[in-house]
$ cat structure-v5.cif   # mmCIF, C-alpha atoms and all ligand atoms
data_query
loop_
_atom_site.label_atom_id
_atom_site.label_comp_id
_atom_site.auth_asym_id
_atom_site.auth_seq_id
_atom_site.Cartn_x
_atom_site.Cartn_y
_atom_site.Cartn_z
CA MET A 653 -15.96 11.29 5.12
CA PHE A 654 -12.78 13.27 4.91
CA THR A 655 -10.57 12.46 2.00
CA MET A 656 -7.78 14.67 0.78
CA LYS A 657 -6.61 15.29 -2.72
CA GLY A 658 -3.69 17.53 -3.55
CA GLU A 659 -2.42 20.11 -1.10
CA TRP A 660 -3.88 20.53 2.35
CA ALA A 661 -5.20 24.02 3.14
CA LYS A 662 -2.65 25.74 5.40
CA ASP A 663 -5.20 26.75 8.05
CA ALA A 664 -7.05 23.44 7.96
CA PRO A 665 -7.65 21.48 11.18
CA PRO A 666 -5.06 18.87 12.23
CA GLN A 667 -4.82 16.14 9.61
CA LEU A 668 -3.73 12.53 9.38
CA MET A 669 -1.46 10.86 6.84
CA ILE A 670 -1.54 7.07 6.86
CA LEU A 671 0.99 4.95 4.96
CA SER A 672 0.39 1.20 5.07
CA GLY A 673 2.14 -1.94 3.91
CA ALA A 674 1.58 -5.68 3.75
CA GLY A 675 1.33 -5.96 7.55
CA LEU A 676 -2.03 -4.18 7.43
CA SER A 677 -3.54 -7.10 5.46
CA ALA A 678 -1.66 -9.89 7.26
CA GLU A 679 -4.52 -10.59 9.69
CA SER A 680 -6.82 -10.98 6.68
CA GLY A 681 -4.70 -13.95 5.65
CA ILE A 682 -2.74 -12.18 2.92
CA ARG A 683 0.97 -13.06 3.04
CA THR A 684 3.48 -10.32 3.58
CA PHE A 685 6.72 -10.27 1.56
CA ARG A 686 9.62 -10.41 4.00
CA ASP A 687 8.29 -12.00 7.15
CA ALA A 688 8.92 -15.69 7.76
CA GLY A 689 6.95 -17.55 5.08
CA GLY A 690 6.57 -14.34 3.12
CA LEU A 691 5.94 -14.19 -0.62
CA TRP A 692 9.56 -13.47 -1.46
CA GLU A 693 10.64 -16.65 0.31
CA GLY A 694 8.85 -18.88 -2.17
CA HIS A 695 9.19 -16.80 -5.33
CA ASP A 696 12.04 -15.22 -7.25
CA ILE A 697 11.40 -11.47 -7.30
CA ASP A 698 13.53 -11.23 -10.47
CA THR A 699 11.25 -13.65 -12.28
CA VAL A 700 7.76 -12.57 -11.21
CA CYS A 701 8.14 -8.87 -10.40
CA ASN A 702 10.90 -7.49 -12.65
CA PHE A 703 10.06 -4.82 -15.21
CA ASP A 704 13.10 -5.72 -17.32
CA ASN A 705 12.14 -9.30 -18.10
CA TRP A 706 8.45 -9.83 -17.34
CA ARG A 707 7.60 -10.55 -21.00
CA GLU A 708 10.04 -13.48 -21.08
CA ASN A 709 8.34 -14.93 -17.97
CA LEU A 710 4.71 -14.23 -18.86
CA THR A 711 3.31 -17.54 -17.57
CA LEU A 712 5.18 -17.32 -14.24
CA VAL A 713 4.27 -13.64 -13.83
CA HIS A 714 0.56 -14.12 -14.47
CA GLY A 715 0.55 -17.32 -12.40
CA PHE A 716 2.05 -15.45 -9.42
CA TYR A 717 -0.43 -12.58 -9.66
CA GLN A 718 -3.35 -14.94 -10.31
CA ALA A 719 -2.57 -16.62 -6.98
CA ARG A 720 -2.47 -13.19 -5.29
CA ARG A 721 -5.78 -12.19 -6.88
CA GLU A 722 -7.34 -15.42 -5.61
CA ALA A 723 -5.98 -14.79 -2.10
CA ALA A 724 -7.30 -11.22 -2.16
CA ALA A 725 -10.72 -12.37 -3.36
CA LYS A 726 -10.96 -14.84 -0.44
CA ALA A 727 -9.79 -12.31 2.16
CA GLU A 728 -11.98 -10.01 4.22
CA PRO A 729 -11.07 -6.63 5.73
CA ASN A 730 -9.75 -7.00 9.29
CA PRO A 731 -10.28 -4.70 12.31
CA ALA A 732 -7.30 -2.59 11.27
CA HIS A 733 -8.80 -1.87 7.83
CA GLN A 734 -12.09 -1.03 9.55
CA ALA A 735 -10.33 1.30 11.98
CA VAL A 736 -8.65 3.14 9.08
CA ALA A 737 -12.09 3.61 7.49
CA ARG A 738 -13.39 5.03 10.80
CA TRP A 739 -10.42 7.36 11.18
CA GLN A 740 -11.02 8.64 7.66
CA THR A 741 -14.47 9.83 8.79
CA ARG A 742 -13.09 11.52 11.92
CA TRP A 743 -10.13 13.44 10.56
CA PRO A 744 -9.02 14.84 7.18
CA THR A 745 -6.89 11.97 5.93
CA HIS A 746 -4.35 11.25 3.22
CA LEU A 747 -4.57 7.47 2.75
CA LEU A 748 -1.64 5.87 0.92
CA THR A 749 -0.85 2.18 0.73
CA GLN A 750 1.85 -0.01 -0.76
CA ASN A 751 -0.73 -2.80 -0.85
CA VAL A 752 -2.31 -3.93 -4.08
CA ASP A 753 -5.34 -5.61 -2.50
CA ASP A 754 -8.72 -3.86 -2.23
CA LEU A 755 -9.35 -4.49 1.46
CA LEU A 756 -9.23 -0.82 2.46
CA GLU A 757 -11.90 -0.04 -0.14
CA ARG A 758 -13.96 -3.02 1.00
CA ALA A 759 -13.71 -1.73 4.58
CA GLY A 760 -15.31 1.51 3.37
CA CYS A 761 -12.26 3.71 2.71
CA ALA A 762 -12.36 6.24 -0.15
CA ASP A 763 -9.61 7.77 -2.25
CA VAL A 764 -7.03 5.14 -1.42
CA CYS A 765 -3.72 5.96 -3.15
CA HIS A 766 -2.19 2.64 -4.27
CA LEU A 767 1.49 3.53 -4.57
CA HIS A 768 2.31 0.15 -6.14
CA GLY A 769 -0.83 -0.27 -8.24
CA ARG A 770 -3.74 -2.68 -7.78
CA LEU A 771 -4.13 -6.44 -8.31
CA GLN A 772 -7.43 -5.97 -10.19
CA ASP A 773 -5.86 -3.78 -12.89
CA MET A 774 -4.19 -4.83 -16.13
CA ARG A 775 -2.10 -2.86 -18.62
CA CYS A 776 -1.46 -3.65 -22.28
CA PHE A 777 2.02 -2.63 -23.39
CA ALA A 778 1.11 -3.04 -27.05
CA CYS A 779 -1.46 -0.21 -27.00
CA ASP A 780 -0.99 1.41 -23.54
CA HIS A 781 -4.56 0.54 -22.55
CA ASP A 782 -5.23 0.24 -18.79
CA TRP A 783 -8.37 -1.47 -17.53
CA GLU A 784 -9.93 -3.04 -14.48
CA HIS A 785 -9.83 -6.79 -15.05
CA GLY A 786 -11.06 -7.63 -11.54
CA LEU A 787 -9.83 -10.49 -9.35
CA GLY A 788 -10.80 -13.26 -11.79
CA PRO A 789 -8.46 -15.54 -13.76
CA TRP A 790 -6.16 -14.49 -16.60
CA THR A 791 -4.97 -17.19 -19.00
CA VAL A 792 -1.80 -16.36 -20.91
CA GLY A 793 -2.25 -16.89 -24.66
CA GLU A 794 -6.05 -16.91 -24.37
CA ASP A 795 -7.12 -13.75 -22.53
CA ALA A 796 -6.49 -10.61 -24.54
CA CYS A 797 -6.36 -6.86 -24.24
CA PRO A 798 -9.95 -5.61 -24.70
CA ASN A 799 -8.66 -2.69 -26.75
CA CYS A 800 -6.23 -4.24 -29.24
CA GLY A 801 -6.63 -7.99 -28.75
CA ASN A 802 -2.96 -8.53 -27.86
CA THR A 803 -2.31 -11.62 -25.75
CA ASP A 804 1.42 -11.43 -24.99
CA ALA A 805 2.01 -7.82 -23.95
CA VAL A 806 -0.47 -7.65 -21.06
CA LYS A 807 0.98 -7.08 -17.58
CA PRO A 808 -0.68 -7.02 -14.15
CA GLY A 809 -1.33 -3.41 -13.08
CA VAL A 810 1.10 -3.73 -10.15
CA VAL A 811 4.34 -1.71 -10.07
CA PHE A 812 7.27 -4.07 -10.66
CA PHE A 813 10.82 -3.57 -9.46
CA GLY A 814 12.56 -1.34 -12.01
CA GLU A 815 9.26 0.23 -13.08
CA MET A 816 8.28 3.88 -12.61
CA ALA A 817 5.79 4.43 -9.76
CA PRO A 818 3.83 7.57 -10.74
CA GLU A 819 1.95 7.70 -7.44
CA TYR A 820 5.19 8.40 -5.56
CA ARG A 821 4.57 12.03 -6.45
CA THR A 822 1.38 11.85 -4.37
CA LEU A 823 3.42 10.48 -1.46
CA GLN A 824 5.91 13.32 -1.77
CA ARG A 825 3.13 15.92 -1.99
CA ALA A 826 1.48 14.54 1.13
CA MET A 827 4.80 14.57 3.03
CA ASP A 828 5.52 18.11 1.85
CA SER A 829 2.15 19.35 3.08
CA LEU A 830 2.50 17.97 6.63
CA ARG A 831 2.54 20.67 9.33
CA PRO A 832 3.57 20.45 13.00
CA ARG A 833 -0.01 19.68 14.07
CA ASP A 834 -0.50 16.88 11.53
CA VAL A 835 0.11 13.21 12.36
CA LEU A 836 2.00 10.60 10.31
CA LEU A 837 0.86 7.03 11.00
CA VAL A 838 2.69 4.09 9.38
CA ILE A 839 1.20 0.61 9.63
CA GLY A 840 2.73 -2.72 8.63
CA THR A 841 5.78 -2.05 6.49
CA SER A 842 9.42 -3.12 6.77
CA GLY A 843 10.63 0.10 5.16
CA GLN A 844 12.69 -1.90 2.64
CA VAL A 845 11.25 -0.17 -0.43
CA LEU A 846 9.98 3.24 0.71
CA PRO A 847 12.19 5.46 2.92
CA VAL A 848 9.91 5.01 5.93
CA ALA A 849 12.64 5.79 8.49
CA ARG A 850 13.38 9.07 6.69
CA MET A 851 9.66 9.89 6.60
CA GLY A 852 9.46 9.44 10.36
CA LEU A 853 12.46 11.72 10.91
CA GLU A 854 11.27 14.42 8.48
CA ALA A 855 7.59 14.60 9.42
CA PRO A 856 7.18 17.89 11.34
CA GLY A 857 4.45 16.60 13.65
CA PRO A 858 3.80 13.52 15.80
CA THR A 859 4.71 10.17 14.24
CA ILE A 860 3.37 6.69 15.03
CA LEU A 861 4.68 3.35 13.74
CA ASN A 862 2.72 0.12 14.11
CA ASN A 863 4.58 -3.04 13.12
CA LEU A 864 4.59 -6.62 14.39
CA GLU A 865 8.21 -6.26 15.49
CA PRO A 866 11.08 -3.81 15.10
CA ALA A 867 12.25 -3.57 11.46
CA ASP A 868 15.99 -3.28 10.70
CA ALA A 869 15.31 -0.43 8.27
CA ILE A 870 13.21 1.56 10.76
CA PRO A 871 15.10 2.29 14.03
CA ASP A 872 12.77 3.16 16.91
CA ARG A 873 14.31 6.64 17.16
CA CYS A 874 12.68 7.53 13.81
CA PHE A 875 9.16 7.58 15.26
CA ASP A 876 7.72 9.20 18.38
CA HIS A 877 5.60 6.13 19.14
CA CYS A 878 6.39 2.54 18.10
CA VAL A 879 3.56 0.04 18.67
CA TYR A 880 4.79 -3.54 18.07
CA ARG A 881 1.50 -5.42 18.02
CA PRO A 882 -0.63 -7.03 15.29
CA ALA A 883 -2.41 -4.12 13.62
CA GLY A 884 -5.86 -5.35 14.62
CA GLU A 885 -4.83 -5.50 18.28
CA ALA A 886 -2.97 -2.17 18.12
CA VAL A 887 -6.08 -0.24 17.02
CA THR A 888 -7.10 0.83 20.54
CA LYS A 889 -3.66 2.18 21.42
CA VAL A 890 -3.17 3.85 18.04
CA GLU A 891 -6.64 5.40 18.18
CA ALA A 892 -5.93 6.84 21.65
CA LEU A 893 -2.76 8.45 20.31
CA LEU A 894 -4.64 9.86 17.30
CA GLU A 895 -7.32 11.34 19.58
CA ARG A 896 -4.64 12.93 21.77
CA TYR A 897 -3.09 14.70 18.79
CA LEU A 898 -6.00 15.28 16.41
CA ASP A 899 -9.08 16.00 18.52
N1 LIG A 901 0.32 -6.19 12.06
C1 LIG A 901 1.20 -5.17 11.89
N2 LIG A 901 2.35 -5.30 11.20
C2 LIG A 901 2.63 -6.51 10.68
C3 LIG A 901 1.78 -7.62 10.82
C4 LIG A 901 0.57 -7.42 11.55
N3 LIG A 901 -0.31 -8.41 11.74
N4 LIG A 901 2.35 -8.70 10.21
C5 LIG A 901 3.51 -8.25 9.68
N5 LIG A 901 3.68 -6.96 9.98
C6 LIG A 901 4.78 -6.07 9.59
C7 LIG A 901 6.14 -6.71 9.69
O1 LIG A 901 6.68 -6.43 10.98
C8 LIG A 901 6.91 -6.00 8.58
O2 LIG A 901 7.57 -4.86 9.10
O3 LIG A 901 4.59 -5.74 8.24
C9 LIG A 901 5.84 -5.56 7.60
C10 LIG A 901 5.83 -6.33 6.32
O4 LIG A 901 6.99 -6.00 5.60
P1 LIG A 901 7.12 -6.49 4.07
O5 LIG A 901 6.73 -7.92 3.99
O6 LIG A 901 8.48 -6.06 3.60
O7 LIG A 901 5.99 -5.67 3.30
P2 LIG A 901 6.04 -4.18 2.81
O8 LIG A 901 6.89 -3.34 3.70
O9 LIG A 901 4.65 -3.74 2.56
O10 LIG A 901 6.78 -4.30 1.38
C11 LIG A 901 6.92 -3.10 0.64
O11 LIG A 901 7.92 -4.38 -1.15
O12 LIG A 901 8.00 -6.23 -2.49
C12 LIG A 901 7.59 -4.94 -2.42
O13 LIG A 901 5.88 -3.98 -3.70
C13 LIG A 901 6.11 -4.80 -2.60
O14 LIG A 901 4.67 -3.12 -1.63
C14 LIG A 901 5.65 -4.09 -1.33
C15 LIG A 901 6.92 -3.44 -0.82
#
$ encode --input "structure-v5.cif" --output "structure tokens"
Amino acid sequence: MFTMKGEWAKDAPPQLMILSGAGLSAESGIRTFRDAGGLWEGHDIDTVCNFDNWRENLTLVHGFYQARREAAAKAEPNPAHQAVARWQTRWPTHLLTQNVDDLLERAGCADVCHLHGRLQDMRCFACDHDWEHGLGPWTVGEDACPNCGNTDAVKPGVVFFGEMAPEYRTLQRAMDSLRPRDVLLVIGTSGQVLPVARMGLEAPGPTILNNLEPADAIPDRCFDHCVYRPAGEAVTKVEALLERYLD
């Protein structure tokens, strides 16, 4: 199992950086955000995922994330998650995801960097305690911080809009350490939040994008290879490209 922390050794063998988004988990039945029928169609981002007002909307916030925890608990890793776990054993890999589900871990991946946090985590803003709550229920007004007992300052451990995202430094470090022989693979993201198009243009080595369809924010010219197929079906083609560049 190759997993990378920190800087990559300069003379190391060719390495792989994988950034994934909601599209990676779509075939596991987890809704994406901006596709037709996506999560942001049925919910007001400013009510359920806004760092400036989440405490005024505690019931709606926890209700929204409870539904996402339940969906994640029912989901199973799909062939794309399993392929990522295989690739991590074949090549030194930086594995970063915008996803908050645990399907990569359940597919056998290690050292997954969750850029936007994890559904199973909780954070108490009364005492700054972070803990793994798991995917079970959370009842506002009843469930409390295990450290201080507070019941109205607990927030899901997912990065909200307007909130700092500490793991973005890991993303920048991984990008900075890419060399001409290293591959950047992006799977299942519209590029609306992270500068995915810029990443494709700035990566010094081969770049591969796998999405269901072209994304407005990611022009084809930004990546050497654009594979517009469901991630599970794109595995064979993506794997062949990885072997061409990394073996
Ligand atoms: N296989 C591959 N790609 C897919 C599939 C699939 N089966 N289904 C959808 N996609 C692609 C779509 O083409 C789209 O480009 O996944 C992308 C999903 O885009 P979004 O719904 O915007 O999800 P994402 O890019 O991960 O959102 C980024 O926005 O709301 C925030 O914090 C949230 O992490 C999330 C961030």
$ atom_distance --input "structure-v5.cif" --atom1 "atom C8 of ligand LIG 901 (chain A)" --atom2 "atom CA of Tyr897 of chain A"
25.2 Å
$ residues_near_ligand --input "structure-v5.cif" --ligand "ligand LIG 901 (chain A)" --cutoff "9 Å" --atoms "all atoms listed in the file" --output "count of residues only"
57
$ residues_near_point --input "structure-v5.cif" --point "(-8.3, 8.2, 12.0)" --cutoff "12 Å" --atoms "only C-alpha atoms" --output "number ranges by chain"
A: 653-655, 666-670, 732-747, 761, 834-837, 887-888, 890-899
$ closest_atom_pairs --input "structure-v5.cif" --of "segment 727-797 of chain A" --to "segment 705-713 of chain A" --cutoff "12 Å" --atoms "all atoms listed in the file" --output "Markdown table"
| residue | atom | partner | partner_atom | distance |
| --- | --- | --- | --- | --- |
| A:Cys776 | CA | A:Arg707 | CA | 11.5 |
| A:Phe777 | CA | A:Arg707 | CA | 10.0 |
| A:Ala778 | CA | A:Arg707 | CA | 11.6 |
| A:Trp790 | CA | A:Thr711 | CA | 10.0 |
| A:Thr791 | CA | A:Thr711 | CA | 8.4 |
| A:Val792 | CA | A:Thr711 | CA | 6.2 |
| A:Gly793 | CA | A:Thr711 | CA | 9.0 |
| A:Glu794 | CA | A:Thr711 | CA | 11.6 |
$ atom_distance --input "structure-v5.cif" --atom1 "atom CA of Ala855 of chain A" --atom2 "atom CA of Arg831 of chain A"
7.9 Å
$ axis_aligned_box --input "structure-v5.cif" --around "segment 701-714 of chain A" --padding-each-side "5 Å" --output "AutoDock Vina command-line options"
--center_x 6.8 --center_y -11.2 --center_z -15.7 --size_x 22.5 --size_y 22.7 --size_z 20.7
$ atom_distance --input "structure-v5.cif" --atom1 "atom CA of Ile682 of chain A" --atom2 "atom CA of Glu784 of chain A"
20.9 Å
$ closest_residue --input "structure-v5.cif" --among "A:Pro847, A:Pro856, A:Gly689, A:Gly801" --to "Pro871 of chain A" --atoms "all atoms listed in the file"
A:Pro847
$ closest_residue --input "structure-v5.cif" --among "A:Gly852, A:Asp696, A:Pro729, A:Asp704" --to "Met816 of chain A" --atoms "all atoms listed in the file"
A:Asp704
$ closest_residue --input "structure-v5.cif" --among "A:Ala796, A:Leu756, A:Ala805, A:Val764" --to "Asp780 of chain A" --atoms "all atoms listed in the file"
A:Ala805
$ closest_residue --input "structure-v5.cif" --among "A:His785, A:Arg775, A:Arg873, A:Phe716" --to "Thr699 of chain A" --atoms "only C-alpha atoms"
A:Phe716
$ decode --input "structure-v5.cif" --residues "segment 711-724 of chain A" --atoms "all heavy atoms" --output "mmCIF file, in the first residue's frame"
data_model
loop_
_atom_site.group_PDB
_atom_site.id
_atom_site.type_symbol
_atom_site.label_atom_id
_atom_site.label_comp_id
_atom_site.auth_asym_id
_atom_site.auth_seq_id
_atom_site.Cartn_x
_atom_site.Cartn_y
_atom_site.Cartn_z
ATOM 1 N N THR A 711 -31.803 22.907 13.681
ATOM 2 C CA THR A 711 -32.643 21.733 13.376
ATOM 3 C C THR A 711 -32.559 21.388 11.892
ATOM 4 O O THR A 711 -32.382 20.227 11.518
ATOM 5 C CB THR A 711 -34.110 22.015 13.778
ATOM 6 O OG1 THR A 711 -34.124 22.383 15.153
ATOM 7 C CG2 THR A 711 -34.981 20.780 13.547
ATOM 8 N N LEU A 712 -32.610 22.422 11.022
ATOM 9 C CA LEU A 712 -32.510 22.168 9.571
ATOM 10 C C LEU A 712 -31.120 21.636 9.224
ATOM 11 O O LEU A 712 -30.963 20.694 8.448
ATOM 12 C CB LEU A 712 -32.788 23.461 8.789
ATOM 13 C CG LEU A 712 -34.254 23.899 8.712
ATOM 14 C CD1 LEU A 712 -34.337 25.296 8.078
ATOM 15 C CD2 LEU A 712 -35.078 22.894 7.922
ATOM 16 N N VAL A 713 -30.098 22.209 9.833
ATOM 17 C CA VAL A 713 -28.715 21.772 9.543
ATOM 18 C C VAL A 713 -28.545 20.311 9.921
ATOM 19 O O VAL A 713 -28.140 19.481 9.111
ATOM 20 C CB VAL A 713 -27.707 22.666 10.305
ATOM 21 C CG1 VAL A 713 -26.306 22.039 10.293
ATOM 22 C CG2 VAL A 713 -27.657 24.060 9.685
ATOM 23 N N HIS A 714 -28.886 19.971 11.167
ATOM 24 C CA HIS A 714 -28.681 18.576 11.592
ATOM 25 C C HIS A 714 -29.621 17.625 10.862
ATOM 26 O O HIS A 714 -29.245 16.484 10.579
ATOM 27 C CB HIS A 714 -28.836 18.457 13.110
ATOM 28 C CG HIS A 714 -27.585 18.862 13.849
ATOM 29 N ND1 HIS A 714 -26.449 18.090 13.868
ATOM 30 C CD2 HIS A 714 -27.282 19.987 14.535
ATOM 31 C CE1 HIS A 714 -25.495 18.688 14.562
ATOM 32 N NE2 HIS A 714 -25.976 19.846 14.976
ATOM 33 N N GLY A 715 -30.807 18.113 10.486
ATOM 34 C CA GLY A 715 -31.715 17.255 9.709
ATOM 35 C C GLY A 715 -31.125 16.931 8.348
ATOM 36 O O GLY A 715 -31.132 15.779 7.892
ATOM 37 N N PHE A 716 -30.532 17.936 7.699
ATOM 38 C CA PHE A 716 -29.914 17.749 6.373
ATOM 39 C C PHE A 716 -28.751 16.760 6.457
ATOM 40 O O PHE A 716 -28.646 15.824 5.663
ATOM 41 C CB PHE A 716 -29.433 19.110 5.863
ATOM 42 C CG PHE A 716 -28.694 19.074 4.546
ATOM 43 C CD1 PHE A 716 -29.358 18.735 3.361
ATOM 44 C CD2 PHE A 716 -27.341 19.368 4.488
ATOM 45 C CE1 PHE A 716 -28.671 18.696 2.136
ATOM 46 C CE2 PHE A 716 -26.641 19.330 3.270
ATOM 47 C CZ PHE A 716 -27.310 18.990 2.102
ATOM 48 N N TYR A 717 -27.902 16.940 7.476
ATOM 49 C CA TYR A 717 -26.732 16.052 7.560
ATOM 50 C C TYR A 717 -27.097 14.677 8.088
ATOM 51 O O TYR A 717 -26.460 13.682 7.748
ATOM 52 C CB TYR A 717 -25.601 16.736 8.352
ATOM 53 C CG TYR A 717 -24.940 17.763 7.473
ATOM 54 C CD1 TYR A 717 -25.325 19.104 7.509
ATOM 55 C CD2 TYR A 717 -24.033 17.374 6.491
ATOM 56 C CE1 TYR A 717 -24.781 20.035 6.627
ATOM 57 C CE2 TYR A 717 -23.491 18.296 5.609
ATOM 58 C CZ TYR A 717 -23.875 19.622 5.669
ATOM 59 O OH TYR A 717 -23.358 20.517 4.772
ATOM 60 N N GLN A 718 -28.193 14.603 8.873
ATOM 61 C CA GLN A 718 -28.663 13.282 9.317
ATOM 62 C C GLN A 718 -29.089 12.474 8.101
ATOM 63 O O GLN A 718 -28.730 11.307 7.948
ATOM 64 C CB GLN A 718 -29.842 13.452 10.270
ATOM 65 C CG GLN A 718 -30.436 12.138 10.744
ATOM 66 C CD GLN A 718 -29.401 11.266 11.403
ATOM 67 O OE1 GLN A 718 -28.497 11.768 12.086
ATOM 68 N NE2 GLN A 718 -29.475 9.967 11.148
ATOM 69 N N ALA A 719 -29.789 13.124 7.174
ATOM 70 C CA ALA A 719 -30.246 12.427 5.954
ATOM 71 C C ALA A 719 -29.039 11.972 5.141
ATOM 72 O O ALA A 719 -29.002 10.867 4.592
ATOM 73 C CB ALA A 719 -31.136 13.358 5.133
ATOM 74 N N ARG A 720 -27.979 12.780 5.115
ATOM 75 C CA ARG A 720 -26.777 12.406 4.347
ATOM 76 C C ARG A 720 -26.015 11.281 5.053
ATOM 77 O O ARG A 720 -25.445 10.411 4.396
ATOM 78 C CB ARG A 720 -25.900 13.641 4.114
ATOM 79 C CG ARG A 720 -26.606 14.673 3.200
ATOM 80 C CD ARG A 720 -25.730 15.831 2.896
ATOM 81 N NE ARG A 720 -24.577 15.398 2.130
ATOM 82 C CZ ARG A 720 -23.499 16.159 1.968
ATOM 83 N NH1 ARG A 720 -23.443 17.367 2.523
ATOM 84 N NH2 ARG A 720 -22.480 15.730 1.256
ATOM 85 N N ARG A 721 -26.055 11.282 6.406
ATOM 86 C CA ARG A 721 -25.393 10.181 7.110
ATOM 87 C C ARG A 721 -26.141 8.873 6.818
ATOM 88 O O ARG A 721 -25.547 7.830 6.586
ATOM 89 C CB ARG A 721 -25.340 10.458 8.617
ATOM 90 C CG ARG A 721 -24.273 11.452 9.037
ATOM 91 C CD ARG A 721 -24.020 11.397 10.538
ATOM 92 N NE ARG A 721 -25.183 11.822 11.300
ATOM 93 C CZ ARG A 721 -25.430 13.100 11.612
ATOM 94 N NH1 ARG A 721 -24.606 14.052 11.201
ATOM 95 N NH2 ARG A 721 -26.506 13.433 12.307
ATOM 96 N N GLU A 722 -27.475 8.965 6.834
ATOM 97 C CA GLU A 722 -28.272 7.750 6.569
ATOM 98 C C GLU A 722 -28.000 7.222 5.160
ATOM 99 O O GLU A 722 -27.835 6.020 4.950
ATOM 100 C CB GLU A 722 -29.770 8.062 6.765
ATOM 101 C CG GLU A 722 -30.169 8.199 8.236
ATOM 102 C CD GLU A 722 -31.535 8.869 8.410
ATOM 103 O OE1 GLU A 722 -32.191 9.188 7.382
ATOM 104 O OE2 GLU A 722 -31.915 9.119 9.577
ATOM 105 N N ALA A 723 -27.912 8.154 4.193
ATOM 106 C CA ALA A 723 -27.646 7.717 2.804
ATOM 107 C C ALA A 723 -26.261 7.077 2.714
ATOM 108 O O ALA A 723 -26.079 6.036 2.065
ATOM 109 C CB ALA A 723 -27.738 8.923 1.866
ATOM 110 N N ALA A 724 -25.309 7.661 3.411
ATOM 111 C CA ALA A 724 -23.933 7.114 3.359
ATOM 112 C C ALA A 724 -23.881 5.739 4.020
ATOM 113 O O ALA A 724 -23.210 4.825 3.540
ATOM 114 C CB ALA A 724 -22.965 8.075 4.057
#
